[in-house]
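*Asks:* Quick one: this structure, given as structure tokens, is what I'll be asking you about.
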2 protein chains.
Amino acid sequence: MNIPVLTDILNANNLLAEQNRKILDEKKIYMINLLASPGAGKTTFIEKSIEYLKKDMSVAVIEGDLASDVDSQRIKKLDIPVVQINTGGGCHLNAVMIQKAFENLELDKINLIFIENVGNLVCPSGYNLGENMKLVMSSTPEGDDKVLKYPLIFQRSRAMVINKIDLIPYLDYEIERIKKDFFNINPEGTIFSLSGKTREGFEPFIDWIKGEIAGFRKE
Amino acid sequence: MNIPVLTDILNANNLLAEQNRKILDEKKIYMINLLASPGAGKTTFIEKSIEYLKKDMSVAVIEGDLASDVDSQRIKKLDIPVVQINTGGGCHLNAVMIQKAFENLELDKINLIFIENVGNLVCPSGYNLGENMKLVMSSTPEGDDKVLKYPLIFQRSRAMVINKIDLIPYLDYEIERIKKDFFNINPEGTIFSLSGKTREGFEPFIDWIKGEIAGFRKE
């Protein structure tokens, strides 16, 4: 008699992530899980993306932080639905937190959800939330060696955003180095270089994400 | 009959951290556990500190990274003993890793050990390594809200180094805001503002750390 061996299914987080994804698919909502170090510029990036995207779709944001609601207060100013998750000491969001956040959003009115994960290049990469895409961000002041030093999160992401390119003149930063390291471990990934502050390089990203979302809706 | 209630002692990491500390005390070695986000400038800070300190004492470095040995290769160029710990997926160093690192250092010849922890503002704060001091670093491009958003690690550190002050002219960064937030949660802490790149503000830190080490040796 064959003994069924269950591995990933037994992981409660993965099971809940699947449930989240089912809800999203039914409602035709696209969800982006944004991952980066503390201070890489995630909130500003989301703010600017919303400015570009809100003409075409209804956006909501789920903010993950250890403590405080400074980020969700920023998003609220854009007149966008936002849920703040405070993890206490937890170094990542998990699928059950997202399920709770869903209960506080009017999902029927939403086309796109940005999740701003806890600032951390390690833990969040291991927890699926039910997202359509993991998007990893690395900012230039962090240095051009981050892919080499934190490979897993870059390998598991669909695309990498190199943020704060306006600061390159003041740094020792070789953008070609980080691009090369990224494609080495993630040959099918995509890279966008931009500045959340000056908006340089933002439009190619917006065009691309619109295409991704349109492709998903047609499925 | 009283029932002895054992809490912290039962934590294997704390027990091993105590053992580490006992070894350090016997050998009169001072150990600094340096904590920061990825790319805050930890390695450059250690390099520059060593340049100032190596006339007066023998320094060794323990490098913690998920993967790669790029940081320890940098330290090795300074002709300083260095041990690289690769955690695989682990988001922090623990006391047993440091105990293993000790086995690879000639402790009788060392006065000061810098530990560069994994770049992370969350997990490393919960793991004592036997250090004399937790030193947390926050770099200006990360933003002035980091204490508010990751309070635990700032609360548990003896001092905060604000790094990359040379970049402030190019950022929206209020240094008084982060200082105020720090003293709010850590009123006995100390703050140093400096640039690892330009060396501005470095000497007050060096004088202070020499004083801390001298005080420890006299005990």
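All residue names refer to the structure tokens as shown: chains lettered A, B, ... in order, residues numbered from 1 in each chain, ligands numbered from 1 in order.
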Counting only C-alpha atoms, which residues from chain B have an atom at most 6 Å from any atom of chain A, and could you show them as a list in words?
*Replies:*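 Taking only C-alpha atoms into account, Gly39, Ala67, Ser68, Cys91, Val122, Glu142, Gly143 and Lys149 of chain B sit within 6 Å of chain A.
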*Asks:* Those same residues, written as a PDB file, in the first residue's frame with C-alpha atoms?
*Replies:*
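again.pdb, freshly written:
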ATOM      1  CA  GLY B  39      23.927  48.056   3.333  1.00  0.00           C
ATOM      2  CA  ALA B  67      26.127  33.613   1.906  1.00  0.00           C
ATOM      3  CA  SER B  68      29.433  34.731   0.356  1.00  0.00           C
ATOM      4  CA  CYS B  91      18.528  35.800   9.734  1.00  0.00           C
ATOM      5  CA  VAL B 122      14.680  42.456  13.577  1.00  0.00           C
ATOM      6  CA  GLU B 142      17.327  54.505   5.236  1.00  0.00           C
ATOM      7  CA  GLY B 143      15.299  57.455   6.514  1.00  0.00           C
ATOM      8  CA  LYS B 149       9.559  51.353  13.053  1.00  0.00           C
TER       9      LYS B 149
END
*Asks:* What are the DSSP alpha helix (DSSP H) residues of segment 42-168 of chain A, as a count of residues only?
*Replies:* 36
*Asks:* Between atom CA of Asn132 of chain A and atom CA of Ile162 of chain A, what is the spacing in Å?
*Replies:*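 So the answer is 20.2 Å.
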*Asks:* So which residues of segment 82-172 of chain B fall under strand (DSSP E) by DSSP, listed as a PDB file with all heavy atoms, in the first residue's frame?
*Replies:*
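Here's the written file part-v4.pdb:
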ATOM      1  N   VAL B  82      40.166  37.029  10.795  1.00  0.00           N
ATOM      2  CA  VAL B  82      38.734  37.135  10.517  1.00  0.00           C
ATOM      3  C   VAL B  82      38.148  35.742  10.321  1.00  0.00           C
ATOM      4  O   VAL B  82      38.785  34.868   9.729  1.00  0.00           O
ATOM      5  CB  VAL B  82      38.457  38.041   9.293  1.00  0.00           C
ATOM      6  CG1 VAL B  82      39.225  37.592   8.063  1.00  0.00           C
ATOM      7  CG2 VAL B  82      36.964  38.149   8.985  1.00  0.00           C
ATOM      8  N   VAL B  83      36.963  35.520  10.859  1.00  0.00           N
ATOM      9  CA  VAL B  83      36.234  34.259  10.663  1.00  0.00           C
ATOM     10  C   VAL B  83      34.913  34.601   9.980  1.00  0.00           C
ATOM     11  O   VAL B  83      34.204  35.507  10.414  1.00  0.00           O
ATOM     12  CB  VAL B  83      35.941  33.555  12.012  1.00  0.00           C
ATOM     13  CG1 VAL B  83      35.141  32.271  11.783  1.00  0.00           C
ATOM     14  CG2 VAL B  83      37.232  33.253  12.755  1.00  0.00           C
ATOM     15  N   GLN B  84      34.617  33.895   8.913  1.00  0.00           N
ATOM     16  CA  GLN B  84      33.344  34.099   8.200  1.00  0.00           C
ATOM     17  C   GLN B  84      32.340  33.042   8.642  1.00  0.00           C
ATOM     18  O   GLN B  84      32.627  31.848   8.598  1.00  0.00           O
ATOM     19  CB  GLN B  84      33.568  34.004   6.690  1.00  0.00           C
ATOM     20  CG  GLN B  84      32.310  34.095   5.852  1.00  0.00           C
ATOM     21  CD  GLN B  84      31.779  35.527   5.745  1.00  0.00           C
ATOM     22  OE1 GLN B  84      32.513  36.450   5.418  1.00  0.00           O
ATOM     23  NE2 GLN B  84      30.503  35.705   6.046  1.00  0.00           N
ATOM     24  N   ILE B  85      31.163  33.475   9.059  1.00  0.00           N
ATOM     25  CA  ILE B  85      30.066  32.541   9.338  1.00  0.00           C
ATOM     26  C   ILE B  85      29.012  32.733   8.258  1.00  0.00           C
ATOM     27  O   ILE B  85      28.527  33.846   8.064  1.00  0.00           O
ATOM     28  CB  ILE B  85      29.431  32.819  10.722  1.00  0.00           C
ATOM     29  CG1 ILE B  85      30.469  32.620  11.829  1.00  0.00           C
ATOM     30  CG2 ILE B  85      28.219  31.918  10.945  1.00  0.00           C
ATOM     31  CD1 ILE B  85      29.992  33.079  13.200  1.00  0.00           C
ATOM     32  N   ASN B  86      28.690  31.655   7.556  1.00  0.00           N
ATOM     33  CA  ASN B  86      27.578  31.706   6.609  1.00  0.00           C
ATOM     34  C   ASN B  86      26.389  30.983   7.227  1.00  0.00           C
ATOM     35  O   ASN B  86      26.468  29.803   7.562  1.00  0.00           O
ATOM     36  CB  ASN B  86      27.958  31.075   5.266  1.00  0.00           C
ATOM     37  CG  ASN B  86      28.775  32.021   4.399  1.00  0.00           C
ATOM     38  OD1 ASN B  86      28.709  33.232   4.571  1.00  0.00           O
ATOM     39  ND2 ASN B  86      29.529  31.483   3.475  1.00  0.00           N
ATOM     40  N   LEU B 112      40.152  42.813  21.193  1.00  0.00           N
ATOM     41  CA  LEU B 112      38.839  43.326  20.784  1.00  0.00           C
ATOM     42  C   LEU B 112      38.309  42.494  19.619  1.00  0.00           C
ATOM     43  O   LEU B 112      39.027  42.225  18.657  1.00  0.00           O
ATOM     44  CB  LEU B 112      38.973  44.794  20.340  1.00  0.00           C
ATOM     45  CG  LEU B 112      37.750  45.435  19.681  1.00  0.00           C
ATOM     46  CD1 LEU B 112      36.586  45.560  20.663  1.00  0.00           C
ATOM     47  CD2 LEU B 112      38.103  46.817  19.111  1.00  0.00           C
ATOM     48  N   ILE B 113      37.038  42.085  19.716  1.00  0.00           N
ATOM     49  CA  ILE B 113      36.382  41.380  18.606  1.00  0.00           C
ATOM     50  C   ILE B 113      35.179  42.189  18.145  1.00  0.00           C
ATOM     51  O   ILE B 113      34.320  42.552  18.955  1.00  0.00           O
ATOM     52  CB  ILE B 113      35.914  39.960  19.027  1.00  0.00           C
ATOM     53  CG1 ILE B 113      37.109  39.084  19.411  1.00  0.00           C
ATOM     54  CG2 ILE B 113      35.114  39.300  17.893  1.00  0.00           C
ATOM     55  CD1 ILE B 113      36.722  37.702  19.959  1.00  0.00           C
ATOM     56  N   PHE B 114      35.160  42.501  16.856  1.00  0.00           N
ATOM     57  CA  PHE B 114      33.964  43.065  16.232  1.00  0.00           C
ATOM     58  C   PHE B 114      33.170  41.922  15.615  1.00  0.00           C
ATOM     59  O   PHE B 114      33.703  41.169  14.800  1.00  0.00           O
ATOM     60  CB  PHE B 114      34.329  44.012  15.074  1.00  0.00           C
ATOM     61  CG  PHE B 114      34.529  45.437  15.453  1.00  0.00           C
ATOM     62  CD1 PHE B 114      35.816  45.978  15.483  1.00  0.00           C
ATOM     63  CD2 PHE B 114      33.453  46.257  15.757  1.00  0.00           C
ATOM     64  CE1 PHE B 114      36.012  47.314  15.812  1.00  0.00           C
ATOM     65  CE2 PHE B 114      33.646  47.591  16.091  1.00  0.00           C
ATOM     66  CZ  PHE B 114      34.934  48.126  16.122  1.00  0.00           C
ATOM     67  N   ILE B 115      31.906  41.806  15.971  1.00  0.00           N
ATOM     68  CA  ILE B 115      31.020  40.879  15.260  1.00  0.00           C
ATOM     69  C   ILE B 115      30.153  41.689  14.315  1.00  0.00           C
ATOM     70  O   ILE B 115      29.442  42.599  14.741  1.00  0.00           O
ATOM     71  CB  ILE B 115      30.096  40.114  16.233  1.00  0.00           C
ATOM     72  CG1 ILE B 115      30.913  39.267  17.199  1.00  0.00           C
ATOM     73  CG2 ILE B 115      29.108  39.239  15.456  1.00  0.00           C
ATOM     74  CD1 ILE B 115      30.057  38.639  18.302  1.00  0.00           C
ATOM     75  N   GLU B 116      30.239  41.391  13.032  1.00  0.00           N
ATOM     76  CA  GLU B 116      29.301  42.003  12.086  1.00  0.00           C
ATOM     77  C   GLU B 116      28.146  41.033  11.909  1.00  0.00           C
ATOM     78  O   GLU B 116      28.272  39.992  11.255  1.00  0.00           O
ATOM     79  CB  GLU B 116      29.976  42.294  10.736  1.00  0.00           C
ATOM     80  CG  GLU B 116      28.995  42.929   9.783  1.00  0.00           C
ATOM     81  CD  GLU B 116      29.592  43.388   8.455  1.00  0.00           C
ATOM     82  OE1 GLU B 116      30.816  43.558   8.344  1.00  0.00           O
ATOM     83  OE2 GLU B 116      28.786  43.565   7.514  1.00  0.00           O
ATOM     84  N   MET B 133      28.758  44.630  24.343  1.00  0.00           N
ATOM     85  CA  MET B 133      27.945  45.748  23.865  1.00  0.00           C
ATOM     86  C   MET B 133      27.257  45.410  22.555  1.00  0.00           C
ATOM     87  O   MET B 133      27.888  44.900  21.637  1.00  0.00           O
ATOM     88  CB  MET B 133      28.867  46.946  23.628  1.00  0.00           C
ATOM     89  CG  MET B 133      28.151  48.169  23.069  1.00  0.00           C
ATOM     90  SD  MET B 133      29.327  49.370  22.410  1.00  0.00           S
ATOM     91  CE  MET B 133      30.170  49.880  23.889  1.00  0.00           C
ATOM     92  N   LYS B 134      25.963  45.710  22.503  1.00  0.00           N
ATOM     93  CA  LYS B 134      25.274  45.750  21.211  1.00  0.00           C
ATOM     94  C   LYS B 134      25.392  47.176  20.696  1.00  0.00           C
ATOM     95  O   LYS B 134      25.059  48.131  21.413  1.00  0.00           O
ATOM     96  CB  LYS B 134      23.803  45.384  21.356  1.00  0.00           C
ATOM     97  CG  LYS B 134      23.519  43.920  21.578  1.00  0.00           C
ATOM     98  CD  LYS B 134      22.015  43.671  21.580  1.00  0.00           C
ATOM     99  CE  LYS B 134      21.678  42.200  21.737  1.00  0.00           C
ATOM    100  NZ  LYS B 134      22.135  41.618  23.022  1.00  0.00           N
ATOM    101  N   LEU B 135      25.848  47.318  19.466  1.00  0.00           N
ATOM    102  CA  LEU B 135      25.980  48.639  18.844  1.00  0.00           C
ATOM    103  C   LEU B 135      25.112  48.618  17.589  1.00  0.00           C
ATOM    104  O   LEU B 135      25.320  47.787  16.703  1.00  0.00           O
ATOM    105  CB  LEU B 135      27.453  48.858  18.488  1.00  0.00           C
ATOM    106  CG  LEU B 135      27.869  50.211  17.912  1.00  0.00           C
ATOM    107  CD1 LEU B 135      27.639  51.335  18.913  1.00  0.00           C
ATOM    108  CD2 LEU B 135      29.356  50.168  17.512  1.00  0.00           C
ATOM    109  N   VAL B 136      24.113  49.500  17.536  1.00  0.00           N
ATOM    110  CA  VAL B 136      23.219  49.480  16.381  1.00  0.00           C
ATOM    111  C   VAL B 136      23.564  50.649  15.468  1.00  0.00           C
ATOM    112  O   VAL B 136      23.920  51.735  15.931  1.00  0.00           O
ATOM    113  CB  VAL B 136      21.731  49.528  16.811  1.00  0.00           C
ATOM    114  CG1 VAL B 136      21.365  50.841  17.498  1.00  0.00           C
ATOM    115  CG2 VAL B 136      20.803  49.296  15.619  1.00  0.00           C
ATOM    116  N   MET B 137      23.536  50.399  14.170  1.00  0.00           N
ATOM    117  CA  MET B 137      23.844  51.434  13.187  1.00  0.00           C
ATOM    118  C   MET B 137      22.623  51.675  12.313  1.00  0.00           C
ATOM    119  O   MET B 137      21.922  50.733  11.919  1.00  0.00           O
ATOM    120  CB  MET B 137      25.006  50.956  12.327  1.00  0.00           C
ATOM    121  CG  MET B 137      25.290  51.822  11.120  1.00  0.00           C
ATOM    122  SD  MET B 137      26.716  51.164  10.217  1.00  0.00           S
ATOM    123  CE  MET B 137      28.011  51.637  11.348  1.00  0.00           C
ATOM    124  N   SER B 138      22.362  52.956  12.016  1.00  0.00           N
ATOM    125  CA  SER B 138      21.311  53.311  11.069  1.00  0.00           C
ATOM    126  C   SER B 138      21.912  54.327  10.108  1.00  0.00           C
ATOM    127  O   SER B 138      22.534  55.298  10.540  1.00  0.00           O
ATOM    128  CB  SER B 138      20.127  53.915  11.830  1.00  0.00           C
ATOM    129  OG  SER B 138      19.071  54.201  10.940  1.00  0.00           O
ATOM    130  N   SER B 139      21.763  54.092   8.820  1.00  0.00           N
ATOM    131  CA  SER B 139      22.377  55.010   7.853  1.00  0.00           C
ATOM    132  C   SER B 139      21.334  55.990   7.333  1.00  0.00           C
ATOM    133  O   SER B 139      20.140  55.660   7.228  1.00  0.00           O
ATOM    134  CB  SER B 139      23.007  54.225   6.705  1.00  0.00           C
ATOM    135  OG  SER B 139      22.027  53.592   5.928  1.00  0.00           O
ATOM    136  N   ALA B 159      24.456  51.849  22.207  1.00  0.00           N
ATOM    137  CA  ALA B 159      24.636  53.104  21.481  1.00  0.00           C
ATOM    138  C   ALA B 159      24.159  52.939  20.048  1.00  0.00           C
ATOM    139  O   ALA B 159      24.061  51.820  19.530  1.00  0.00           O
ATOM    140  CB  ALA B 159      26.107  53.519  21.488  1.00  0.00           C
ATOM    141  N   MET B 160      23.854  54.077  19.428  1.00  0.00           N
ATOM    142  CA  MET B 160      23.466  54.090  18.012  1.00  0.00           C
ATOM    143  C   MET B 160      24.487  54.915  17.229  1.00  0.00           C
ATOM    144  O   MET B 160      24.835  56.029  17.622  1.00  0.00           O
ATOM    145  CB  MET B 160      22.085  54.731  17.841  1.00  0.00           C
ATOM    146  CG  MET B 160      21.729  55.042  16.385  1.00  0.00           C
ATOM    147  SD  MET B 160      20.009  55.582  16.119  1.00  0.00           S
ATOM    148  CE  MET B 160      20.021  57.236  16.821  1.00  0.00           C
ATOM    149  N   VAL B 161      24.947  54.349  16.123  1.00  0.00           N
ATOM    150  CA  VAL B 161      25.785  55.093  15.186  1.00  0.00           C
ATOM    151  C   VAL B 161      24.906  55.506  14.006  1.00  0.00           C
ATOM    152  O   VAL B 161      24.307  54.653  13.352  1.00  0.00           O
ATOM    153  CB  VAL B 161      26.967  54.229  14.693  1.00  0.00           C
ATOM    154  CG1 VAL B 161      27.699  54.923  13.542  1.00  0.00           C
ATOM    155  CG2 VAL B 161      27.920  53.925  15.829  1.00  0.00           C
ATOM    156  N   ILE B 162      24.815  56.813  13.759  1.00  0.00           N
ATOM    157  CA  ILE B 162      24.134  57.296  12.552  1.00  0.00           C
ATOM    158  C   ILE B 162      25.214  57.423  11.485  1.00  0.00           C
ATOM    159  O   ILE B 162      26.111  58.260  11.590  1.00  0.00           O
ATOM    160  CB  ILE B 162      23.453  58.655  12.801  1.00  0.00           C
ATOM    161  CG1 ILE B 162      22.429  58.530  13.946  1.00  0.00           C
ATOM    162  CG2 ILE B 162      22.791  59.161  11.526  1.00  0.00           C
ATOM    163  CD1 ILE B 162      21.787  59.857  14.344  1.00  0.00           C
ATOM    164  N   ASN B 163      25.152  56.573  10.473  1.00  0.00           N
ATOM    165  CA  ASN B 163      26.216  56.511   9.452  1.00  0.00           C
ATOM    166  C   ASN B 163      25.776  57.239   8.176  1.00  0.00           C
ATOM    167  O   ASN B 163      24.598  57.498   7.973  1.00  0.00           O
ATOM    168  CB  ASN B 163      26.555  55.041   9.152  1.00  0.00           C
ATOM    169  CG  ASN B 163      27.845  54.884   8.359  1.00  0.00           C
ATOM    170  OD1 ASN B 163      28.667  55.799   8.270  1.00  0.00           O
ATOM    171  ND2 ASN B 163      28.014  53.715   7.767  1.00  0.00           N
TER     172      ASN B 163
END
*Asks:* Counting only C-alpha atoms, which of A:Leu53, A:Ile3, A:Ile110, A:Ile46 gets nearest to Ile209 of chain A?
*Replies:*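 Once distances to Ile209 of chain A are computed over only C-alpha atoms, the minimum belongs to A:Leu53.
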*Asks:* Excluding Ile29 of chain A and residues on its chain fewer than 5 positions from it, collect all residues at most 10 Å away from it, counting only C-alpha atoms, and give them as a list of chain:residue names.
*Replies:*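 My reading of the contact set: A:Arg21, A:Ile23, A:Leu24, A:Ser58, A:Val59, A:Leu107, A:Asp108, A:Lys109, A:Ile110, A:Asn111, A:Leu112, A:Ile113, A:Glu131, A:Asn132, A:Ile213, A:Phe216, A:Arg217.
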*Asks:* Keeping only N, CA and C atoms, write the selected residues as a compact mmCIF listing (two decimals), in the first residue's frame.
*Replies:*
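Below you can see out04.txt, which holds the result:
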# COMPACT_ATOMS: atom_id res chain seq x y z
N ARG A 21 -5.04 33.20 -2.28
CA ARG A 21 -4.94 33.31 -3.72
C ARG A 21 -6.27 33.00 -4.40
N ILE A 23 -9.22 33.52 -3.15
CA ILE A 23 -10.07 34.72 -2.96
C ILE A 23 -9.70 35.78 -3.99
N LEU A 24 -8.41 36.01 -4.16
CA LEU A 24 -7.94 37.03 -5.12
C LEU A 24 -8.37 36.69 -6.54
N SER A 58 -8.43 50.48 -9.12
CA SER A 58 -8.58 50.77 -7.68
C SER A 58 -7.51 50.02 -6.91
N VAL A 59 -6.74 50.76 -6.18
CA VAL A 59 -5.59 50.18 -5.47
C VAL A 59 -5.85 50.20 -3.97
N LEU A 107 -13.18 44.08 -0.84
CA LEU A 107 -12.46 43.43 -1.95
C LEU A 107 -13.18 43.58 -3.29
N ASP A 108 -14.51 43.71 -3.25
CA ASP A 108 -15.25 43.83 -4.52
C ASP A 108 -14.90 45.11 -5.27
N LYS A 109 -14.34 46.08 -4.55
CA LYS A 109 -14.04 47.37 -5.18
C LYS A 109 -12.56 47.54 -5.51
N ILE A 110 -11.77 46.46 -5.39
CA ILE A 110 -10.31 46.58 -5.52
C ILE A 110 -9.79 45.76 -6.70
N ASN A 111 -8.84 46.35 -7.45
CA ASN A 111 -8.21 45.63 -8.56
C ASN A 111 -6.77 45.22 -8.25
N LEU A 112 -6.13 45.99 -7.38
CA LEU A 112 -4.69 45.77 -7.13
C LEU A 112 -4.40 46.01 -5.65
N ILE A 113 -3.66 45.07 -5.04
CA ILE A 113 -3.21 45.25 -3.66
C ILE A 113 -1.69 45.26 -3.62
N GLU A 131 0.32 35.96 -3.03
CA GLU A 131 0.56 37.03 -3.99
C GLU A 131 0.73 36.49 -5.41
N ASN A 132 0.47 37.38 -6.40
CA ASN A 132 0.77 37.04 -7.78
C ASN A 132 2.25 37.24 -8.08
N ILE A 213 -0.66 42.93 -15.01
CA ILE A 213 -2.00 42.87 -14.44
C ILE A 213 -3.03 42.55 -15.54
N PHE A 216 -2.93 38.91 -16.38
CA PHE A 216 -3.56 38.11 -15.33
C PHE A 216 -5.08 38.15 -15.43
N ARG A 217 -5.62 39.33 -15.75
CA ARG A 217 -7.08 39.45 -15.82
C ARG A 217 -7.67 38.66 -16.97
*Asks:* Which residue gives the smallest distance to Lys27 of chain B among B:Glu203, B:Glu188, B:Glu106, B:Glu174, with only C-alpha atoms counted?
*Replies:* B:Glu106
*Asks:* Would you compute the distance between atom CA of Asn117 of chain B and atom CA of Pro81 of chain B? Give it in Å to one decimal.
*Replies:*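 Spanning atom CA of Asn117 of chain B to atom CA of Pro81 of chain B is a straight-line distance of 16.6 Å.
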*Asks:* What is the atom CA of Ser157 of chain B-atom CA of Phe183 of chain B distance in Å, reported with one decimal?
*Replies:*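 Going from atom CA of Ser157 of chain B over to atom CA of Phe183 of chain B, I get 11.6 Å.
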*Asks:* Skip Glu47 of chain A itself and residues of its chain fewer than 6 positions away, then list as a ChimeraX atom specification all residues within 9 Å of it, counting only C-alpha atoms.
*Replies:* /A:74-75,78,196
*Asks:* Using only C-alpha atoms, find the one residue out of A:Pro187, A:Gly215, A:Pro124, A:Pro204 that sits nearest to Asn33 of chain A.
*Replies:*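 Nearest candidate to Asn33 of chain A out of A:Pro187, A:Gly215, A:Pro124, A:Pro204: A:Pro124.
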*Asks:* Find, counting only C-alpha atoms, the residue in A:Asp56, A:Asp79, A:Glu103, A:Asp181 that gets nearest to Lys210 of chain A.
*Replies:*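 Between A:Asp56, A:Asp79, A:Glu103, A:Asp181, the residue approaching Lys210 of chain A most closely is A:Asp56.
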*Asks:* For Asp25 of chain B, which residue among B:Ile175, B:Gly130, B:Ile191, B:Gln155 is the nearest when counting only C-alpha atoms?
*Replies:*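 Ranking B:Ile175, B:Gly130, B:Ile191, B:Gln155 by distance to Asp25 of chain B, first place goes to B:Gly130.
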